[in-house]
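What follows is a set of notes on a single structure, which appears directly below.
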Amino acid sequence: MCGIVGLFCKTETHRHELGQLTAVMLREMRDRGPDSAGFASYDVGLPDRTRITVLAEGITVDWGPVAAALEGVLGAEVTVRAVHDHAVFSTDGDGRAARQWIIDNVVGATVLSYGSQIELYKAVGDPDLVAERYDLASRTGTHALAHTRMATESAVTTNGSHPFATGADTCLVHNGSLSNHNRLRRFLEGHGESFQTENDSEVAAGYLAWRIRSGDTISQALEGAIDDLDGFYTFAIGVADGFAILRDPIACKPAVVAETDDWVAMSSEYRAIARLPGAADAEVWEPEPARIYTWSLAA
Amino acid sequence: MSGPARVFDLSEVGRRDLNQALHDASDGDSFEVTNPRGAHAVACGITAEIDVLVRGSVGYYCAGMHKRGRVLVEGNASTGLAENIMSGLVHITGNATMSAGATGCGGLVVVGGNAGARCGISMKGVDIVVGGNVGHMSAFMAQAGNLVVCGDAAADLGDSIYEAQIFVRGDVESLGADCIEKEMRPTHVETLSRLLVAAAAVPAVNGADPADFRRYGSARRLYNFTIDDVDALEAAQEAA
C-alpha cells in the first residue's frame with residue numbers, strides 16, 4: 001500500500017502556498033506509507049536553465065569540486081547548493097548530459113531529477129519529518145507530487161521511494177506494481193534511457209521520458225503506456241507545463257480527484273483533499289480506468 | 001431516549017467515540033456528524049433504529065455493516081460505502097467511488113450522484129439506487145438484490161452475475177460475461193417502481209418512469225455450469 005497525492009494550481013491563487021498545501025496532503029497519507037516519502041515540485045524556473053537534484057545518501061560528498069568538474073564537461077557554468085543529503089545543481093548546459101555524467105562519475109550519488117522547473121526530494125522515514133527536513137512547506141510553484149511508501153516487494157530504501165523522474169521535468173508517483181518492468185527496462189536501456197534502481201516505478205517514469213523525448217505529448221505517451229505497461233497502477237504525473245492522471249484498466253488502486261476553478265487535486269484518499277481551501281465546494285469524482293486525464297498550464 | 005440530535009464534531013471528537021455512541025444508542029435517537037473531512041469508517045455497524053446525518057464528505061467504508069436505522073451523508077463517499085449492509089437505509093447526496101454497496105445482504109443504498117467502479121460487487125440481497133452513472137464491472141458476481149442505475153453503466157456490467165437484477169435507464173457500454181438483457185415483466189416493473197419511490201429524494205430518481213429502464217440479468221450459463229455449456233464459457237472468455 002502507498003499513498004499518492006498531486007496538486008496542480010490552475011490559477012495564481014494558491015501558487016505561493018503550493019508546498020504548504022502539498023505538505024498537508026502528504027501528512028494525511030502518512031498512514032498509507034509510513035516508511036519513506038518524497039515529493040517533487042514545479043516552479044516557474046528560468047528558461048534554458050536546468051536544475052539537477054542529486055541525492056548522496058549516507059556519504060559525504062564535497063559538491064564544489066563536482067560542480068567544477070561538471071562545468072568542464074558541459075562547457076557551461078554550474079552552481080550548486082546542498083540541502084542536507086541532497087544537492088541542487090544549476091546550469092545553462094545540457095541537463096540530460098549532466099544527469100548522465102553524475103550517474104557515471106559520482107560514486108554513491110543518485111540523480112533524482114533534472115529540468116528547468118522540477119526539484120525532487122526523497123528519504124526514508126516518517127513522511128512528516130521528510131517534508132520538514134527538505135522544507136516542503138516553503139516551496140512555491142504550479143504543481144507538486146508526493147508519495148508515502150509502504151514497501152511490500154522490496155526493501156525500505158531511499159532508492160525505492162517515489163517520485164521517480166528520469167527525463168526532463170517528467171516525474172511520476174505510483175501506487176501499484178508493474179509485472180513487465182524488467183523486460184521494459186531492457187528495451188528502454190536499448191533506446192537511450194538509463195536507470196539507477198531496480199524499481200518498477202522508475203521504469204514507468206523512464207517509459208514516459210522516452211516517449212516524450214521521442215516527440216510525444218503527455219497524452220500520447222500515456223496512450224502508449226496503457227498498451228505497454230502491464231500491472232496495477234494509479235499514476236499522478238507531472239510535466240513541465242502540466243499534470244496528468246492514469247489508472248490501469250482494472251483500476252484496483254484507489255484514486256479520487258477534486259477540481260475547483262483554482263486547482264486540481266488527486267489522492268489515494270479523499271481526506272488528503274478535504275483540507276484544501278475550497279474543497280467542500282469542489283467537484284469530486286473517481287477517475288475512470290484506462291482514461292487519460294490531463295491539465296495544462298497553457299489551457 | 002429521543003429528542004434533539006446529538007452533534008459530533010469530528011474535528012474535536014474521535015471517530016471511535018462517535019461510533020461507540022452510535023452503538024450505544026436507543027431506537028429513535030438522532031445524531032448529526034460535522035467536519036468528517038474524509039474520515040474512514042464513519043457510522044459503521046449501527047444496530048438501532050436511529051437517524052444519522054453526516055454533513056460533509058466521508059472516506060472509506062462509511063456505514064459499513066449497517067444493520068438498522070438511516071444514515072444520510074450530505075456529500076461524497078469513498079471506497080466501500082455501506083459495505084455488507086444488512087438492512088436499513090444509507091443515502092449519500094453526492095458521488096461514491098469504488099465498490100459502493102459491496103456484498104450487501106439487504107437494505108437500501110442510495111447514491112444521489114455517480115458511483116465508481118464495481119458498484120454492487122458481490123451484492124447478496126441489497127437494493128442499490130444510483131441517480132447518475134455507475135463505473136465499470138458494476139454488479140460483478142452479484143448474487144441477489146437489485147441495482148438501479150438512472151444514468152449510464154460503464155463496461156462489463158454484471159460480469160459473472162448470479163440472480164441479482166439490474167435496471168439501467170441510460171446506455172450500457174458493454175455487458176460482462178454471462179450478463180444479458182432480459183424482458184421487463186410486470187413483476188420487474190413492480191420491483192423497480194418500489195425502488196424508485198423509495199429513492200425519490202434524489203432529484204434524478206424522482207418521477208422516473210420504469211418504462212424508460214431496461215433489465216439485465218444472468219444468462220445462467222456460467223454459474224450453473226455443465227460441460228454442455230463449454231461453448232458459452234469459451235465465448236465469454238473470447239469476449240473478455
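Ligands are numbered from 1 in the order shown, chains are lettered A, B, ... in the order of the C-alpha cells, and residues start at 1 in each chain.
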Please return, as a PDB file with N, CA and C atoms, in the first residue's frame, all residues of chain B lying within 12 Å of chain A when only C-alpha atoms are considered.
ATOM      1  N   SER B  11     -13.893  17.190  14.067  1.00  0.00           N
ATOM      2  CA  SER B  11     -12.636  17.925  14.232  1.00  0.00           C
ATOM      3  C   SER B  11     -12.252  17.995  15.709  1.00  0.00           C
ATOM      4  N   ASN B  35     -17.899  18.040  10.134  1.00  0.00           N
ATOM      5  CA  ASN B  35     -16.467  18.009   9.803  1.00  0.00           C
ATOM      6  C   ASN B  35     -15.895  16.594   9.635  1.00  0.00           C
ATOM      7  N   PRO B  36     -16.537  15.746   8.854  1.00  0.00           N
ATOM      8  CA  PRO B  36     -15.966  14.401   8.671  1.00  0.00           C
ATOM      9  C   PRO B  36     -14.657  14.431   7.885  1.00  0.00           C
ATOM     10  N   ARG B  37     -14.474  15.377   6.979  1.00  0.00           N
ATOM     11  CA  ARG B  37     -13.218  15.574   6.256  1.00  0.00           C
ATOM     12  C   ARG B  37     -12.618  14.273   5.712  1.00  0.00           C
ATOM     13  N   GLY B  38     -13.466  13.443   5.163  1.00  0.00           N
ATOM     14  CA  GLY B  38     -12.955  12.236   4.532  1.00  0.00           C
ATOM     15  C   GLY B  38     -12.541  11.141   5.499  1.00  0.00           C
ATOM     16  N   ALA B  39     -12.982  11.216   6.742  1.00  0.00           N
ATOM     17  CA  ALA B  39     -12.610  10.182   7.728  1.00  0.00           C
ATOM     18  C   ALA B  39     -13.185   8.832   7.314  1.00  0.00           C
ATOM     19  N   HIS B  40     -12.454   7.775   7.635  1.00  0.00           N
ATOM     20  CA  HIS B  40     -12.883   6.423   7.293  1.00  0.00           C
ATOM     21  C   HIS B  40     -13.829   5.861   8.363  1.00  0.00           C
ATOM     22  N   ARG B  55     -22.754  15.745   7.766  1.00  0.00           N
ATOM     23  CA  ARG B  55     -22.638  16.949   6.935  1.00  0.00           C
ATOM     24  C   ARG B  55     -21.214  17.063   6.391  1.00  0.00           C
ATOM     25  N   GLY B  56     -21.023  16.586   5.175  1.00  0.00           N
ATOM     26  CA  GLY B  56     -19.699  16.646   4.549  1.00  0.00           C
ATOM     27  C   GLY B  56     -19.315  15.295   3.991  1.00  0.00           C
ATOM     28  N   SER B  57     -18.174  15.230   3.317  1.00  0.00           N
ATOM     29  CA  SER B  57     -17.773  14.009   2.619  1.00  0.00           C
ATOM     30  C   SER B  57     -17.003  13.071   3.531  1.00  0.00           C
ATOM     31  N   VAL B  58     -17.225  11.783   3.315  1.00  0.00           N
ATOM     32  CA  VAL B  58     -16.612  10.747   4.150  1.00  0.00           C
ATOM     33  C   VAL B  58     -15.625   9.913   3.341  1.00  0.00           C
ATOM     34  N   GLY B  59     -14.795   9.145   4.059  1.00  0.00           N
ATOM     35  CA  GLY B  59     -13.780   8.322   3.419  1.00  0.00           C
ATOM     36  C   GLY B  59     -14.276   6.905   3.163  1.00  0.00           C
ATOM     37  N   TYR B  60     -13.405   5.936   3.440  1.00  0.00           N
ATOM     38  CA  TYR B  60     -13.715   4.544   3.133  1.00  0.00           C
ATOM     39  C   TYR B  60     -14.738   3.959   4.117  1.00  0.00           C
ATOM     40  N   TYR B  61     -15.514   3.018   3.624  1.00  0.00           N
ATOM     41  CA  TYR B  61     -16.352   2.135   4.443  1.00  0.00           C
ATOM     42  C   TYR B  61     -17.345   2.868   5.341  1.00  0.00           C
ATOM     43  N   GLU B  74     -24.510  14.136   3.503  1.00  0.00           N
ATOM     44  CA  GLU B  74     -24.602  15.269   2.587  1.00  0.00           C
ATOM     45  C   GLU B  74     -23.211  15.512   2.020  1.00  0.00           C
ATOM     46  N   GLY B  75     -22.872  14.769   0.994  1.00  0.00           N
ATOM     47  CA  GLY B  75     -21.539  14.876   0.412  1.00  0.00           C
ATOM     48  C   GLY B  75     -21.215  13.616  -0.348  1.00  0.00           C
ATOM     49  N   ASN B  76     -19.903  13.381  -0.515  1.00  0.00           N
ATOM     50  CA  ASN B  76     -19.423  12.229  -1.278  1.00  0.00           C
ATOM     51  C   ASN B  76     -18.918  11.144  -0.328  1.00  0.00           C
ATOM     52  N   ALA B  77     -18.739   9.951  -0.882  1.00  0.00           N
ATOM     53  CA  ALA B  77     -18.195   8.848  -0.087  1.00  0.00           C
ATOM     54  C   ALA B  77     -17.155   8.104  -0.912  1.00  0.00           C
ATOM     55  N   SER B  78     -16.156   7.560  -0.239  1.00  0.00           N
ATOM     56  CA  SER B  78     -15.093   6.835  -0.929  1.00  0.00           C
ATOM     57  C   SER B  78     -15.378   5.334  -0.917  1.00  0.00           C
ATOM     58  N   THR B  79     -14.339   4.568  -1.154  1.00  0.00           N
ATOM     59  CA  THR B  79     -14.441   3.109  -1.312  1.00  0.00           C
ATOM     60  C   THR B  79     -15.312   2.433  -0.247  1.00  0.00           C
ATOM     61  N   GLY B  80     -16.153   1.511  -0.700  1.00  0.00           N
ATOM     62  CA  GLY B  80     -16.840   0.612   0.226  1.00  0.00           C
ATOM     63  C   GLY B  80     -17.981   1.240   1.008  1.00  0.00           C
ATOM     64  N   GLY B  94     -24.011  12.907  -2.811  1.00  0.00           N
ATOM     65  CA  GLY B  94     -23.002  13.140  -3.835  1.00  0.00           C
ATOM     66  C   GLY B  94     -22.595  11.880  -4.567  1.00  0.00           C
ATOM     67  N   ASN B  95     -21.304  11.816  -4.913  1.00  0.00           N
ATOM     68  CA  ASN B  95     -20.760  10.675  -5.651  1.00  0.00           C
ATOM     69  C   ASN B  95     -20.106   9.678  -4.704  1.00  0.00           C
ATOM     70  N   ALA B  96     -20.049   8.425  -5.150  1.00  0.00           N
ATOM     71  CA  ALA B  96     -19.319   7.395  -4.414  1.00  0.00           C
ATOM     72  C   ALA B  96     -18.181   6.899  -5.296  1.00  0.00           C
ATOM     73  N   THR B  97     -17.058   6.536  -4.698  1.00  0.00           N
ATOM     74  CA  THR B  97     -16.008   5.921  -5.501  1.00  0.00           C
ATOM     75  C   THR B  97     -16.235   4.406  -5.529  1.00  0.00           C
ATOM     76  N   MET B  98     -15.178   3.618  -5.441  1.00  0.00           N
ATOM     77  CA  MET B  98     -15.294   2.192  -5.734  1.00  0.00           C
ATOM     78  C   MET B  98     -16.203   1.424  -4.765  1.00  0.00           C
ATOM     79  N   SER B  99     -16.805   0.366  -5.307  1.00  0.00           N
ATOM     80  CA  SER B  99     -17.416  -0.703  -4.520  1.00  0.00           C
ATOM     81  C   SER B  99     -18.511  -0.238  -3.560  1.00  0.00           C
ATOM     82  N   GLY B 113     -25.470  10.961  -6.741  1.00  0.00           N
ATOM     83  CA  GLY B 113     -24.670  11.272  -7.923  1.00  0.00           C
ATOM     84  C   GLY B 113     -24.257  10.012  -8.649  1.00  0.00           C
ATOM     85  N   ASN B 114     -22.984   9.951  -9.009  1.00  0.00           N
ATOM     86  CA  ASN B 114     -22.451   8.774  -9.708  1.00  0.00           C
ATOM     87  C   ASN B 114     -21.776   7.830  -8.726  1.00  0.00           C
ATOM     88  N   ALA B 115     -21.763   6.555  -9.082  1.00  0.00           N
ATOM     89  CA  ALA B 115     -20.985   5.576  -8.324  1.00  0.00           C
ATOM     90  C   ALA B 115     -19.838   5.099  -9.210  1.00  0.00           C
ATOM     91  N   GLY B 116     -18.680   4.826  -8.600  1.00  0.00           N
ATOM     92  CA  GLY B 116     -17.491   4.442  -9.365  1.00  0.00           C
ATOM     93  C   GLY B 116     -17.495   2.966  -9.722  1.00  0.00           C
ATOM     94  N   ALA B 117     -16.299   2.443  -9.882  1.00  0.00           N
ATOM     95  CA  ALA B 117     -16.124   1.066 -10.331  1.00  0.00           C
ATOM     96  C   ALA B 117     -16.732   0.072  -9.351  1.00  0.00           C
ATOM     97  N   ARG B 118     -17.207  -1.043  -9.916  1.00  0.00           N
ATOM     98  CA  ARG B 118     -17.618  -2.207  -9.123  1.00  0.00           C
ATOM     99  C   ARG B 118     -18.704  -1.887  -8.092  1.00  0.00           C
ATOM    100  N   ASN B 133     -24.452   7.719 -12.969  1.00  0.00           N
ATOM    101  CA  ASN B 133     -23.837   6.591 -13.678  1.00  0.00           C
ATOM    102  C   ASN B 133     -23.143   5.638 -12.704  1.00  0.00           C
ATOM    103  N   VAL B 134     -22.867   4.441 -13.192  1.00  0.00           N
ATOM    104  CA  VAL B 134     -22.011   3.519 -12.430  1.00  0.00           C
ATOM    105  C   VAL B 134     -20.778   3.172 -13.257  1.00  0.00           C
ATOM    106  N   GLY B 135     -19.672   2.881 -12.567  1.00  0.00           N
ATOM    107  CA  GLY B 135     -18.403   2.575 -13.215  1.00  0.00           C
ATOM    108  C   GLY B 135     -18.336   1.152 -13.731  1.00  0.00           C
ATOM    109  N   HIS B 136     -17.159   0.804 -14.209  1.00  0.00           N
ATOM    110  CA  HIS B 136     -17.001  -0.497 -14.851  1.00  0.00           C
ATOM    111  C   HIS B 136     -17.106  -1.645 -13.846  1.00  0.00           C
ATOM    112  N   MET B 137     -17.535  -2.766 -14.371  1.00  0.00           N
ATOM    113  CA  MET B 137     -17.697  -4.006 -13.611  1.00  0.00           C
ATOM    114  C   MET B 137     -18.652  -3.853 -12.422  1.00  0.00           C
ATOM    115  N   ALA B 154     -20.920   1.745 -17.166  1.00  0.00           N
ATOM    116  CA  ALA B 154     -19.660   1.561 -17.893  1.00  0.00           C
ATOM    117  C   ALA B 154     -19.445   0.077 -18.213  1.00  0.00           C
ATOM    118  N   ALA B 155     -18.285  -0.228 -18.769  1.00  0.00           N
ATOM    119  CA  ALA B 155     -18.014  -1.541 -19.370  1.00  0.00           C
ATOM    120  C   ALA B 155     -18.227  -2.704 -18.404  1.00  0.00           C
ATOM    121  N   ASP B 156     -18.581  -3.837 -18.986  1.00  0.00           N
ATOM    122  CA  ASP B 156     -18.646  -5.123 -18.284  1.00  0.00           C
ATOM    123  C   ASP B 156     -19.658  -5.137 -17.144  1.00  0.00           C
TER     124      ASP B 156
END
Practice prompt. May I have the residues within 8 Å of range 104-112 of chain B as a count of residues only, using only C-alpha atoms and disregarding those fewer than 2 positions away in the same chain?
Written response: 36
Per-residue DSSP, range 6-238 of chain B, filtered to alpha helix (DSSP H), as a PDB file with C-alpha atoms, in the first residue's frame:
ATOM      1  CA  ARG B  15     -14.285   8.716  15.186  1.00  0.00           C
ATOM      2  CA  ARG B  16     -14.245   5.750  17.598  1.00  0.00           C
ATOM      3  CA  ASP B  17     -16.123   7.830  20.161  1.00  0.00           C
ATOM      4  CA  LEU B  18     -18.732   8.627  17.543  1.00  0.00           C
ATOM      5  CA  ASN B  19     -19.165   5.003  16.510  1.00  0.00           C
ATOM      6  CA  GLN B  20     -19.340   3.864  20.142  1.00  0.00           C
ATOM      7  CA  ALA B  21     -22.107   6.392  20.818  1.00  0.00           C
ATOM      8  CA  LEU B  22     -23.986   5.127  17.781  1.00  0.00           C
ATOM      9  CA  HIS B  23     -23.619   1.542  19.006  1.00  0.00           C
ATOM     10  CA  ASP B  24     -24.885   2.533  22.452  1.00  0.00           C
ATOM     11  CA  PRO B 186     -44.878  -6.867 -14.569  1.00  0.00           C
ATOM     12  CA  THR B 187     -43.095  -8.235 -11.515  1.00  0.00           C
ATOM     13  CA  HIS B 188     -39.924  -6.353 -12.510  1.00  0.00           C
ATOM     14  CA  VAL B 189     -41.833  -3.133 -13.160  1.00  0.00           C
ATOM     15  CA  GLU B 190     -43.310  -3.523  -9.687  1.00  0.00           C
ATOM     16  CA  THR B 191     -39.886  -4.010  -8.082  1.00  0.00           C
ATOM     17  CA  LEU B 192     -38.391  -1.088  -9.982  1.00  0.00           C
ATOM     18  CA  SER B 193     -41.329   1.210  -9.186  1.00  0.00           C
ATOM     19  CA  ARG B 194     -40.999   0.417  -5.494  1.00  0.00           C
ATOM     20  CA  LEU B 195     -37.284   1.251  -5.521  1.00  0.00           C
ATOM     21  CA  LEU B 196     -37.763   4.467  -7.494  1.00  0.00           C
ATOM     22  CA  VAL B 197     -40.304   5.596  -4.930  1.00  0.00           C
ATOM     23  CA  ALA B 198     -38.021   4.594  -2.057  1.00  0.00           C
ATOM     24  CA  VAL B 230     -18.412 -25.177 -22.645  1.00  0.00           C
ATOM     25  CA  ASP B 231     -19.107 -23.234 -25.857  1.00  0.00           C
ATOM     26  CA  ALA B 232     -20.695 -20.430 -23.841  1.00  0.00           C
ATOM     27  CA  LEU B 233     -17.728 -20.384 -21.473  1.00  0.00           C
ATOM     28  CA  GLU B 234     -15.302 -20.138 -24.355  1.00  0.00           C
ATOM     29  CA  ALA B 235     -17.364 -17.403 -25.993  1.00  0.00           C
ATOM     30  CA  ALA B 236     -17.338 -15.458 -22.728  1.00  0.00           C
ATOM     31  CA  GLN B 237     -13.587 -15.889 -22.398  1.00  0.00           C
ATOM     32  CA  GLU B 238     -13.188 -14.834 -26.008  1.00  0.00           C
TER      33      GLU B 238
END
As a count of residues only, list the residues of range 15-80 of chain A assigned to strand (DSSP E or B) by DSSP on the backbone atoms of this structure. 18
- Task: Just the residues within 9 Å of Leu21 in chain A, please, counting only C-alpha atoms, with nothing from its chain fewer than 5 positions along; format it as a list in words.
- Result: Leu7, His14, Leu26, Ala137, Arg275, Leu276 and Pro277 of chain A
